[in-house]
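Source file coords.txt; content: compact mmCIF, C-alpha atoms and all ligand atoms.
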```txt
# COMPACT_ATOMS: atom_id res chain seq x y z
CA MET X 17 -17.19 4.50 -25.71
CA THR X 18 -19.20 5.42 -28.77
CA GLY X 19 -17.58 8.80 -29.45
CA LEU X 20 -20.99 10.38 -29.73
CA SER X 21 -21.73 13.90 -28.50
CA ARG X 22 -24.02 14.45 -25.53
CA HIS X 23 -26.86 15.52 -27.81
CA GLU X 24 -26.45 12.48 -30.04
CA ILE X 25 -26.54 10.16 -27.02
CA GLU X 26 -29.65 11.90 -25.66
CA ILE X 27 -31.40 11.71 -29.03
CA LEU X 28 -30.58 8.01 -29.43
CA TYR X 29 -31.69 7.28 -25.88
CA MET X 30 -35.05 8.92 -26.60
CA ALA X 31 -35.29 7.00 -29.87
CA SER X 32 -34.68 3.74 -28.05
CA LEU X 33 -37.86 4.28 -26.01
CA SER X 34 -39.94 3.59 -29.11
CA PRO X 35 -42.22 0.54 -29.31
CA SER X 36 -41.34 -2.65 -31.19
CA GLY X 37 -42.96 -6.05 -31.72
CA HIS X 38 -42.06 -8.35 -28.74
CA ASN X 39 -39.81 -5.43 -27.67
CA THR X 40 -36.99 -6.83 -29.82
CA GLN X 41 -35.66 -3.31 -30.46
CA PRO X 42 -34.59 -4.30 -33.98
CA TRP X 43 -32.54 -1.17 -34.67
CA GLY X 44 -28.82 -0.53 -34.81
CA ILE X 45 -26.76 2.60 -35.47
CA ARG X 46 -23.52 2.77 -37.43
CA ILE X 47 -21.75 6.08 -36.99
CA ILE X 48 -20.43 7.58 -40.22
CA ALA X 49 -19.48 11.04 -38.97
CA PRO X 50 -20.71 13.41 -36.26
CA TYR X 51 -24.48 13.69 -36.59
CA THR X 52 -24.48 11.29 -39.55
CA TRP X 53 -25.51 7.68 -38.94
CA ILE X 54 -26.80 4.67 -40.78
CA ILE X 55 -29.84 3.10 -39.15
CA THR X 56 -29.59 -0.66 -39.50
CA SER X 57 -31.99 -3.55 -39.15
CA ASP X 58 -30.60 -6.18 -36.78
CA GLU X 59 -31.29 -9.65 -38.18
CA GLN X 60 -30.77 -11.23 -34.76
CA ARG X 61 -33.87 -9.31 -33.71
CA TRP X 62 -36.16 -10.28 -36.54
CA LEU X 63 -39.26 -12.39 -35.83
CA PRO X 64 -39.38 -14.82 -38.77
CA ALA X 65 -42.31 -16.87 -37.43
CA VAL X 66 -44.74 -13.96 -37.09
CA ASP X 67 -43.09 -11.40 -39.36
CA PRO X 68 -41.44 -13.33 -42.22
CA GLU X 69 -41.15 -10.26 -44.47
CA GLN X 70 -39.85 -7.89 -41.75
CA ARG X 71 -42.93 -5.72 -42.13
CA GLU X 72 -43.19 -5.18 -38.38
CA THR X 73 -39.43 -4.70 -38.10
CA LEU X 74 -39.65 -1.77 -40.51
CA LEU X 75 -42.70 -0.31 -38.77
CA SER X 76 -40.76 -0.44 -35.48
CA ILE X 77 -37.73 1.20 -37.10
CA GLY X 78 -40.11 3.85 -38.46
CA ALA X 79 -41.30 4.58 -34.92
CA PHE X 80 -37.64 4.81 -33.83
CA ILE X 81 -36.99 7.35 -36.62
CA GLU X 82 -39.95 9.44 -35.49
CA ASN X 83 -38.52 9.59 -31.98
CA VAL X 84 -35.15 10.64 -33.44
CA ALA X 85 -36.93 13.46 -35.31
CA VAL X 86 -38.84 14.65 -32.23
CA ALA X 87 -35.84 14.52 -29.88
CA ALA X 88 -33.60 16.15 -32.51
CA LYS X 89 -36.07 19.02 -32.82
CA TYR X 90 -35.97 19.50 -29.08
CA TYR X 91 -32.20 19.99 -29.19
CA GLY X 92 -32.34 22.20 -32.30
CA TYR X 93 -31.54 19.76 -35.10
CA GLU X 94 -33.47 18.84 -38.18
CA LEU X 95 -33.53 15.28 -39.40
CA SER X 96 -32.98 14.40 -43.00
CA LEU X 97 -33.41 10.77 -43.96
CA THR X 98 -32.21 9.05 -47.12
CA ILE X 99 -33.66 5.58 -47.50
CA LEU X 100 -30.99 3.06 -48.50
CA ALA X 101 -32.89 -0.24 -48.27
CA LYS X 102 -34.43 -1.55 -51.47
CA THR X 103 -36.12 -4.52 -49.81
CA SER X 104 -37.32 -5.25 -46.31
CA LYS X 105 -34.46 -7.73 -45.88
CA ASP X 106 -31.69 -5.17 -46.43
CA ARG X 107 -29.67 -4.40 -43.32
CA ASP X 108 -28.84 -0.75 -44.03
CA ILE X 109 -32.17 0.99 -43.78
CA GLY X 110 -31.39 4.66 -44.12
CA GLN X 111 -28.89 7.39 -43.56
CA VAL X 112 -29.79 10.01 -40.98
CA THR X 113 -28.22 13.42 -40.91
CA LEU X 114 -29.00 15.91 -38.17
CA LYS X 115 -28.50 19.50 -39.22
CA LYS X 116 -28.26 22.27 -36.64
CA THR X 117 -31.09 24.76 -36.97
CA ASN X 118 -31.40 28.13 -35.32
CA ASN X 119 -34.67 27.32 -33.68
CA PRO X 120 -34.51 24.62 -31.03
CA ASP X 121 -37.90 23.73 -29.61
CA PRO X 122 -37.06 22.97 -25.97
CA ASP X 123 -40.66 22.24 -25.09
CA PRO X 124 -40.55 19.65 -22.30
CA LEU X 125 -43.86 18.28 -23.58
CA LEU X 126 -42.02 16.78 -26.57
CA MET X 127 -39.66 14.80 -24.37
CA ASN X 128 -42.32 13.89 -21.83
CA ARG X 129 -44.48 12.41 -24.53
CA ILE X 130 -41.65 10.07 -25.50
CA LYS X 131 -40.64 9.23 -21.95
CA ARG X 132 -44.18 8.47 -20.78
CA ARG X 133 -45.49 6.55 -23.79
CA ARG X 134 -46.24 2.92 -23.22
CA VAL X 135 -48.54 0.12 -24.34
CA VAL X 136 -51.36 -0.59 -21.89
CA ARG X 137 -53.27 -3.87 -22.13
CA LYS X 138 -55.52 -3.81 -19.06
CA GLY X 139 -58.00 -1.53 -17.33
CA TYR X 140 -59.80 -0.14 -20.40
CA MET X 141 -63.11 1.59 -19.79
CA ALA X 142 -66.11 0.45 -21.81
CA MET X 143 -66.65 3.85 -23.36
CA GLU X 144 -66.33 4.70 -27.05
CA VAL X 145 -63.49 7.04 -27.85
CA GLY X 146 -65.03 10.41 -28.69
CA GLU X 147 -64.87 11.92 -32.14
CA LYS X 148 -62.88 14.93 -30.97
CA ASP X 149 -60.31 12.75 -29.25
CA VAL X 150 -59.92 10.55 -32.33
CA ALA X 151 -59.41 13.73 -34.36
CA TYR X 152 -56.78 14.92 -31.86
CA ILE X 153 -54.67 11.78 -31.67
CA THR X 154 -54.79 11.14 -35.42
CA ASN X 155 -54.23 14.81 -36.20
CA LYS X 156 -57.21 14.33 -38.54
CA ASP X 157 -55.30 12.07 -40.89
CA PHE X 158 -58.47 10.15 -41.73
CA ALA X 159 -57.12 8.95 -45.04
CA ARG X 160 -54.67 6.66 -43.24
CA MET X 161 -56.18 6.23 -39.79
CA HIS X 162 -59.64 4.74 -39.40
CA TYR X 163 -61.62 4.48 -36.18
CA PHE X 164 -64.27 1.81 -35.61
CA PRO X 165 -66.40 1.70 -32.43
CA PRO X 166 -66.43 -1.63 -30.56
CA HIS X 167 -70.00 -2.48 -31.52
CA SER X 168 -69.81 -1.47 -35.19
CA ARG X 169 -69.81 -4.22 -37.79
CA GLN X 170 -66.07 -3.74 -38.25
CA GLY X 171 -65.50 -3.64 -34.49
CA ARG X 172 -67.23 -6.98 -34.04
CA TYR X 173 -65.28 -8.45 -36.94
CA LEU X 174 -61.99 -7.29 -35.41
CA ARG X 175 -62.95 -8.76 -32.05
CA GLU X 176 -63.83 -12.19 -33.45
CA GLY X 177 -60.91 -12.13 -35.90
CA THR X 178 -58.40 -11.26 -33.18
CA ILE X 179 -59.63 -14.10 -30.99
CA GLU X 180 -59.51 -16.62 -33.84
CA ALA X 181 -56.10 -15.47 -35.11
CA THR X 182 -54.73 -15.66 -31.56
CA ARG X 183 -56.05 -19.19 -31.22
CA GLN X 184 -54.33 -20.18 -34.49
CA GLN X 185 -51.12 -18.46 -33.53
CA THR X 186 -50.83 -19.98 -30.07
CA TYR X 187 -51.03 -23.44 -31.63
CA ARG X 188 -48.46 -22.64 -34.32
CA SER X 189 -45.29 -24.04 -32.74
CA SER X 190 -42.85 -21.77 -34.56
CA ALA X 191 -44.73 -18.66 -33.40
CA GLN X 192 -45.01 -19.92 -29.84
CA GLU X 193 -41.32 -20.89 -29.68
CA GLU X 194 -40.33 -17.52 -31.02
CA LEU X 195 -42.43 -15.81 -28.36
CA ALA X 196 -40.85 -18.04 -25.71
CA ASN X 197 -37.39 -16.85 -26.84
CA TRP X 198 -38.36 -13.25 -26.20
CA ILE X 199 -39.91 -13.57 -22.76
CA ARG X 200 -37.57 -12.62 -19.92
CA TRP X 201 -39.19 -14.41 -16.99
CA SER X 202 -36.46 -13.95 -14.41
CA ASP X 203 -35.05 -10.67 -13.13
CA ASP X 204 -31.58 -11.97 -14.05
CA ASP X 205 -32.52 -12.41 -17.70
CA ALA X 206 -34.24 -9.03 -17.79
CA LEU X 207 -31.06 -7.35 -16.57
CA ARG X 208 -28.81 -9.36 -18.84
CA PHE X 209 -30.72 -8.78 -22.09
CA ARG X 210 -32.60 -5.52 -21.48
CA ASP X 211 -35.07 -6.39 -24.24
CA GLY X 212 -38.07 -8.67 -24.80
CA LEU X 213 -41.19 -9.04 -22.71
CA THR X 214 -41.18 -9.16 -18.91
CA PRO X 215 -44.01 -10.23 -16.59
CA GLU X 216 -44.50 -6.54 -15.64
CA GLY X 217 -44.56 -5.54 -19.31
CA MET X 218 -47.23 -8.19 -19.95
CA GLU X 219 -49.07 -6.81 -16.91
CA ILE X 220 -48.79 -9.98 -14.84
CA ASN X 221 -48.68 -8.28 -11.46
CA GLY X 222 -48.99 -9.09 -7.75
CA PHE X 223 -48.58 -12.66 -6.58
CA ALA X 224 -48.92 -14.02 -10.12
CA GLY X 225 -46.05 -11.76 -11.21
CA TRP X 226 -43.85 -12.91 -8.35
CA TYR X 227 -44.71 -16.54 -9.10
CA VAL X 228 -43.90 -16.43 -12.79
CA ARG X 229 -40.69 -14.42 -12.24
CA ASN X 230 -39.42 -17.11 -9.92
CA PHE X 231 -40.85 -20.31 -11.33
CA TYR X 232 -41.60 -19.86 -15.02
CA ASN X 233 -39.23 -20.59 -17.84
CA ARG X 234 -39.21 -20.98 -21.61
CA GLU X 235 -40.86 -24.41 -21.49
CA ASP X 236 -43.95 -23.08 -19.73
CA VAL X 237 -44.80 -20.94 -22.76
CA LEU X 238 -45.09 -24.11 -24.82
CA THR X 239 -47.60 -25.86 -22.55
CA LYS X 240 -51.28 -26.26 -23.38
CA ALA X 241 -52.19 -24.39 -20.20
CA PHE X 242 -50.18 -21.32 -21.24
CA ARG X 243 -51.64 -21.30 -24.75
CA GLU X 244 -55.16 -21.54 -23.37
CA ALA X 245 -54.49 -18.76 -20.87
CA THR X 246 -53.24 -16.55 -23.73
CA VAL X 247 -56.49 -17.01 -25.65
CA ARG X 248 -58.56 -16.35 -22.50
CA ASN X 249 -56.59 -13.19 -21.88
CA VAL X 250 -57.22 -11.91 -25.39
CA VAL X 251 -60.95 -12.74 -25.15
CA GLN X 252 -61.05 -10.56 -22.05
CA GLN X 253 -59.04 -7.75 -23.64
CA VAL X 254 -61.27 -7.45 -26.69
CA SER X 255 -64.45 -7.53 -24.60
CA THR X 256 -63.88 -4.13 -22.97
CA HIS X 257 -62.36 -1.17 -24.76
CA GLY X 258 -63.16 2.04 -26.60
CA GLY X 259 -62.76 0.98 -30.22
CA TRP X 260 -60.25 0.10 -32.88
CA LEU X 261 -57.86 2.31 -34.77
CA ILE X 262 -56.63 0.88 -38.05
CA ILE X 263 -53.65 2.37 -39.85
CA THR X 264 -53.32 1.78 -43.58
CA SER X 265 -50.76 2.61 -46.24
CA ASP X 266 -51.03 2.70 -50.03
CA ALA X 267 -48.23 0.19 -50.53
CA SER X 268 -45.75 -1.86 -48.52
CA ALA X 269 -42.37 -0.78 -49.91
CA VAL X 270 -39.64 0.08 -47.38
CA GLY X 271 -40.48 3.79 -47.52
CA ASP X 272 -44.20 3.16 -46.98
CA LEU X 273 -43.52 1.02 -43.92
CA LEU X 274 -41.08 3.48 -42.35
CA GLU X 275 -43.53 6.32 -42.95
CA THR X 276 -46.39 4.31 -41.45
CA GLY X 277 -44.27 3.49 -38.39
CA ARG X 278 -43.61 7.21 -37.99
CA LEU X 279 -47.31 8.01 -38.33
CA PHE X 280 -48.19 5.36 -35.73
CA GLU X 281 -45.67 6.80 -33.28
CA ARG X 282 -46.90 10.39 -33.86
CA MET X 283 -50.41 9.25 -32.96
CA PHE X 284 -49.17 7.22 -30.00
CA LEU X 285 -47.24 10.20 -28.58
CA ARG X 286 -50.46 12.26 -28.49
CA SER X 287 -52.68 9.61 -26.92
CA ARG X 288 -51.68 9.87 -23.27
CA GLU X 289 -52.80 13.51 -23.02
CA LYS X 290 -56.31 12.27 -23.75
CA MET X 291 -56.00 9.32 -21.32
CA ILE X 292 -56.28 6.98 -24.29
CA ALA X 293 -54.49 3.64 -24.09
CA VAL X 294 -53.11 2.03 -27.24
CA HIS X 295 -52.63 -1.71 -27.67
CA PRO X 296 -51.32 -3.10 -30.97
CA MET X 297 -53.04 -6.44 -31.60
CA THR X 298 -51.17 -7.77 -34.57
CA GLN X 299 -52.33 -11.40 -34.59
CA ILE X 300 -54.70 -10.94 -37.57
CA LEU X 301 -51.85 -9.49 -39.64
CA GLU X 302 -49.55 -12.37 -38.74
CA GLU X 303 -51.82 -15.26 -39.67
CA PRO X 304 -52.04 -15.81 -43.45
CA GLN X 305 -55.72 -16.81 -43.47
CA TRP X 306 -56.66 -13.43 -42.03
CA GLN X 307 -54.10 -10.97 -43.32
CA ASN X 308 -55.20 -11.20 -46.95
CA MET X 309 -58.82 -10.38 -46.37
CA ILE X 310 -58.72 -7.87 -43.57
CA ALA X 311 -58.77 -4.65 -45.66
CA THR X 312 -61.73 -5.87 -47.75
CA ALA X 313 -63.58 -7.10 -44.66
CA LEU X 314 -63.24 -3.66 -43.09
CA GLY X 315 -64.17 -1.86 -46.30
CA LEU X 316 -60.79 -0.13 -46.50
CA SER X 317 -58.59 0.46 -49.51
CA GLY X 318 -54.83 0.12 -49.17
CA ARG X 319 -52.88 -2.19 -46.86
CA VAL X 320 -53.68 -2.61 -43.20
CA GLN X 321 -50.44 -2.08 -41.26
CA PHE X 322 -51.64 -1.67 -37.67
CA ILE X 323 -54.62 -2.98 -35.76
CA LEU X 324 -54.81 -1.03 -32.52
CA ARG X 325 -57.23 -1.51 -29.68
CA ILE X 326 -57.75 1.83 -27.99
CA GLY X 327 -59.70 3.04 -24.99
CA TYR X 328 -59.88 5.43 -22.06
CA LEU X 329 -58.10 4.69 -18.80
CA GLU X 330 -58.85 6.10 -15.39
CA THR X 331 -55.20 5.99 -14.40
CA TYR X 332 -52.37 5.80 -16.89
CA PRO X 333 -49.49 3.65 -15.66
CA ASP X 334 -45.88 4.67 -16.30
CA PRO X 335 -43.63 2.79 -18.72
CA ILE X 336 -41.89 -0.32 -17.40
CA THR X 337 -40.49 -2.21 -20.40
CA LEU X 338 -36.78 -2.84 -20.80
CA ARG X 339 -34.45 -0.99 -23.15
CA ARG X 340 -30.87 -1.66 -24.19
CA PRO X 341 -28.49 1.17 -23.34
CA VAL X 342 -27.40 3.30 -26.31
CA ASN X 343 -23.87 1.89 -26.45
CA TRP X 344 -25.28 -1.63 -26.94
CA PHE X 345 -26.78 -0.74 -30.33
CA VAL X 346 -24.27 1.81 -31.64
CA ARG X 347 -21.06 0.98 -33.45
CA ARG X 348 -18.49 2.84 -35.46
CA ALA X 349 -18.29 2.42 -39.24
C1 LIG B 401 -45.12 -3.38 -35.03
C2 LIG B 401 -45.57 -3.68 -33.62
C3 LIG B 401 -46.39 -4.78 -33.36
C4 LIG B 401 -46.82 -5.07 -32.06
N1 LIG B 401 -47.67 -6.13 -31.84
C5 LIG B 401 -48.15 -6.36 -30.59
C6 LIG B 401 -49.10 -7.40 -30.35
O1 LIG B 401 -49.55 -8.09 -31.27
N2 LIG B 401 -49.54 -7.60 -29.08
C7 LIG B 401 -49.10 -6.84 -28.03
O2 LIG B 401 -49.53 -7.06 -26.90
N3 LIG B 401 -48.19 -5.83 -28.22
C8 LIG B 401 -47.72 -5.58 -29.48
N4 LIG B 401 -46.81 -4.55 -29.69
C9 LIG B 401 -46.38 -3.74 -28.55
C10 LIG B 401 -44.99 -4.14 -28.05
O3 LIG B 401 -45.03 -5.38 -27.38
C11 LIG B 401 -44.44 -3.03 -27.15
O4 LIG B 401 -44.29 -1.86 -27.89
C12 LIG B 401 -43.10 -3.42 -26.53
O5 LIG B 401 -43.24 -4.49 -25.66
C13 LIG B 401 -42.48 -2.26 -25.76
O6 LIG B 401 -43.34 -1.79 -24.75
P1 LIG B 401 -43.76 -0.26 -24.66
O7 LIG B 401 -44.35 0.11 -25.99
O8 LIG B 401 -44.74 -0.18 -23.53
O9 LIG B 401 -42.51 0.53 -24.41
C14 LIG B 401 -46.39 -4.24 -30.99
C15 LIG B 401 -45.57 -3.13 -31.26
C16 LIG B 401 -45.17 -2.84 -32.55
C17 LIG B 401 -44.30 -1.63 -32.81
```
Would you mind giving the structure from this file in structure tokens?
Ligand SMILES: Cc1cc2nc3c(=O)[nH]c(=O)nc-3n(C[C@H](O)[C@H](O)[C@H](O)COP(=O)(O)O)c2cc1C
Amino acid sequence: MTGLSRHEIEILYMASLSPSGHNTQPWGIRIIAPYTWIITSDEQRWLPAVDPEQRETLLSIGAFIENVAVAAKYYGYELSLTILAKTSKDRDIGQVTLKKTNNPDPDPLLMNRIKRRRVVRKGYMAMEVGEKDVAYITNKDFARMHYFPPHSRQGRYLREGTIEATRQQTYRSSAQEELANWIRWSDDDALRFRDGLTPEGMEINGFAGWYVRNFYNREDVLTKAFREATVRNVVQQVSTHGGWLIITSDASAVGDLLETGRLFERMFLRSREKMIAVHPMTQILEEPQWQNMIATALGLSGRVQFILRIGYLETYPDPITLRRPVNWFVRRA
């Protein structure tokens, strides 16, 4: 086994519940000593076609680090992080040390927030997210998190831009093939890999879900019909929601991206209490024609790191995406 203590295993399990692009779970852990680990970036889990600079990989690892910090606090440890990576392509991202404190915070809310967080893509109400709720989920960090109502100038721009960028991306073969590699259509593949996107995770439910689980495979993702259905789906998603939340950072060095991933996850962990769904829609940031002009078009300074569609739900579904068990991503030094 991994030789980790019960608390370390629990903390890493909670960390593994964090979100990641295509659910690649791009993190690894190398154990240095008890409560001292290196967090690594797993090249096998990079997405070169949509994320050639590993920007999203580092944002996802940032979210993972935030979950480590929250879960560690619950068990009475404090996280200290030393960033090791100089560039986004370095494999050793940072060294984590958990120091025992005398004040554990065994508030079950902390753990429940992590366990119940999930991306929701369907069922948004057509109601603007209220000012107070935006203030709550962002913890009033308005310098880095910016809300735009659906019918604002920026909201309309994001809607049209997301549709156009999706259209471009679905016809970019490398991006579509990469997506195909990360979809686990069959139950067998889902169990074998415990990562990637499943029909349930993509909210293909009922008969359609049963059909695709049994009859779809990698090749179907590359057909014209699938690409067209993807665009139609996105058109529908951006037509009904409660607004957009944009997260910016001053720069895009490794530390900025990890910090922004942490900020994103902190916001995400507070959203369910307000019945607010969060859906990262990253297409604009992945298509070169759009990514360069998005900050200016929205009137924002800094770099746009997340484009999130948000909105109220009547019922909040429970998480269903796959995760690798802790001992699959931990190794000894
Ligand atoms: C950096 C980043 C980018 C993402 N981009 C998208 C996206 O463009 N479209 C989408 O539907 N989900 C996107 N997601 C959400 C992931 O697909 C989701 O987190 C993952 O499948 C795990 O599901 P869960 O968050 O419900 O646990 C993104 C997540 C992260 C962290």
Discussion item. As a quick test: using all atoms listed in the file, which residues lie no more than 7 Å away from ligand LIG 401 (chain B)? Give them as a PyMOL selection string.
Written reply: chain X and resi 33-39+72-73+75-76+133-137+212-213+217+295-299+335-337
Discussion item. Env of Met161 (chain X): 8 Å cut, atoms = all atoms listed in the file, seq-sep filter 4 positions within chain, self excluded. Answer as a ChimeraX atom specification.
Written reply: /X:154,157,261-264
Practice prompt. Using all atoms listed in the file, determine which residues lie at most 12 Å from Gly318 (chain X), disregarding the query and same-chain residues fewer than 5 positions distant; provide the list as a PyMOL selection string.
Written response: chain X and resi 159-162+262-268+272+308-312
Worksheet item: Do you have the CA of Thr103 (chain X)-CA of Leu273 (chain X) distance handy?
Response: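 CA of Thr103 (chain X) sits 11.0 Å away from CA of Leu273 (chain X).
Distance check against Met141 (chain X) using all atoms listed in the file: of X:Phe345, X:Tyr328, X:Tyr163, X:Trp306, the minimum falls on X:Tyr328.
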Name all residues at most 12 Å from Glu244 (chain X) (count all atoms listed in the file; drop same-chain ones fewer than 4 positions away) and give them as a compact mmCIF listing (two decimals) with C-alpha atoms, keeping the file's coordinate frame.
```
# COMPACT_ATOMS: atom_id res chain seq x y z
CA ILE X 179 -59.63 -14.10 -30.99
CA THR X 182 -54.73 -15.66 -31.56
CA ARG X 183 -56.05 -19.19 -31.22
CA GLN X 184 -54.33 -20.18 -34.49
CA GLN X 185 -51.12 -18.46 -33.53
CA THR X 186 -50.83 -19.98 -30.07
CA TYR X 187 -51.03 -23.44 -31.63
CA ASP X 236 -43.95 -23.08 -19.73
CA VAL X 237 -44.80 -20.94 -22.76
CA LEU X 238 -45.09 -24.11 -24.82
CA THR X 239 -47.60 -25.86 -22.55
CA LYS X 240 -51.28 -26.26 -23.38
CA ARG X 248 -58.56 -16.35 -22.50
CA ASN X 249 -56.59 -13.19 -21.88
CA VAL X 250 -57.22 -11.91 -25.39
CA VAL X 251 -60.95 -12.74 -25.15
```
Practice prompt. Tell me which of X:Arg234, X:Arg188, X:Arg175, X:Arg347 sits closest to Ile300 (chain X), counting only C-alpha atoms.
Written response: X:Arg175
Practice prompt. Have a look at X:Glu219, X:Ile48, X:Ala88, X:Met283 and name the one nearest to Leu28 (chain X); count all atoms listed in the file.
Written response: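 Closest to Leu28 (chain X) of all the choices is X:Ala88.
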Fill in: Atom-to-atom span, CA of Tyr91 (chain X) and CA of Lys131 (chain X), Å
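Answer for the CA of Tyr91 (chain X) to CA of Lys131 (chain X) separation: 15.5 Å.
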Fill in: Distance query Phe284 (chain X) at most 8 Å, only C-alpha atoms, self and fewer than 3 positions along chain excluded, as an NGL selection string
:X and (133 or 153 or 280-281 or 287-288 or 294)
Completed region 179-191 of chain X (N, CA and C atoms) as an mmCIF file, in the coordinates of the input:
```
data_model
loop_
_atom_site.group_PDB
_atom_site.id
_atom_site.type_symbol
_atom_site.label_atom_id
_atom_site.label_comp_id
_atom_site.auth_asym_id
_atom_site.auth_seq_id
_atom_site.Cartn_x
_atom_site.Cartn_y
_atom_site.Cartn_z
ATOM 1 N N ILE X 179 -59.571 -12.900 -31.832
ATOM 2 C CA ILE X 179 -59.630 -14.100 -30.990
ATOM 3 C C ILE X 179 -59.231 -15.337 -31.812
ATOM 4 N N GLU X 180 -59.801 -15.444 -33.004
ATOM 5 C CA GLU X 180 -59.510 -16.620 -33.840
ATOM 6 C C GLU X 180 -58.040 -16.667 -34.259
ATOM 7 N N ALA X 181 -57.507 -15.509 -34.679
ATOM 8 C CA ALA X 181 -56.100 -15.470 -35.110
ATOM 9 C C ALA X 181 -55.174 -15.782 -33.936
ATOM 10 N N THR X 182 -55.551 -15.342 -32.748
ATOM 11 C CA THR X 182 -54.730 -15.660 -31.560
ATOM 12 C C THR X 182 -54.738 -17.166 -31.319
ATOM 13 N N ARG X 183 -55.935 -17.749 -31.439
ATOM 14 C CA ARG X 183 -56.050 -19.190 -31.220
ATOM 15 C C ARG X 183 -55.133 -19.931 -32.214
ATOM 16 N N GLN X 184 -55.191 -19.520 -33.482
ATOM 17 C CA GLN X 184 -54.330 -20.180 -34.490
ATOM 18 C C GLN X 184 -52.860 -19.983 -34.150
ATOM 19 N N GLN X 185 -52.529 -18.760 -33.779
ATOM 20 C CA GLN X 185 -51.120 -18.460 -33.530
ATOM 21 C C GLN X 185 -50.565 -19.202 -32.322
ATOM 22 N N THR X 186 -51.367 -19.318 -31.273
ATOM 23 C CA THR X 186 -50.830 -19.980 -30.070
ATOM 24 C C THR X 186 -50.592 -21.467 -30.325
ATOM 25 N N TYR X 187 -51.285 -22.025 -31.321
ATOM 26 C CA TYR X 187 -51.030 -23.440 -31.630
ATOM 27 C C TYR X 187 -50.053 -23.633 -32.779
ATOM 28 N N ARG X 188 -49.497 -22.544 -33.278
ATOM 29 C CA ARG X 188 -48.460 -22.640 -34.320
ATOM 30 C C ARG X 188 -47.128 -22.684 -33.576
ATOM 31 N N SER X 189 -46.467 -23.855 -33.613
ATOM 32 C CA SER X 189 -45.290 -24.040 -32.740
ATOM 33 C C SER X 189 -44.210 -23.006 -33.002
ATOM 34 N N SER X 190 -43.957 -22.697 -34.285
ATOM 35 C CA SER X 190 -42.850 -21.770 -34.560
ATOM 36 C C SER X 190 -43.127 -20.415 -33.924
ATOM 37 N N ALA X 191 -44.394 -19.971 -33.977
ATOM 38 C CA ALA X 191 -44.730 -18.660 -33.400
ATOM 39 C C ALA X 191 -44.600 -18.696 -31.886
#
```
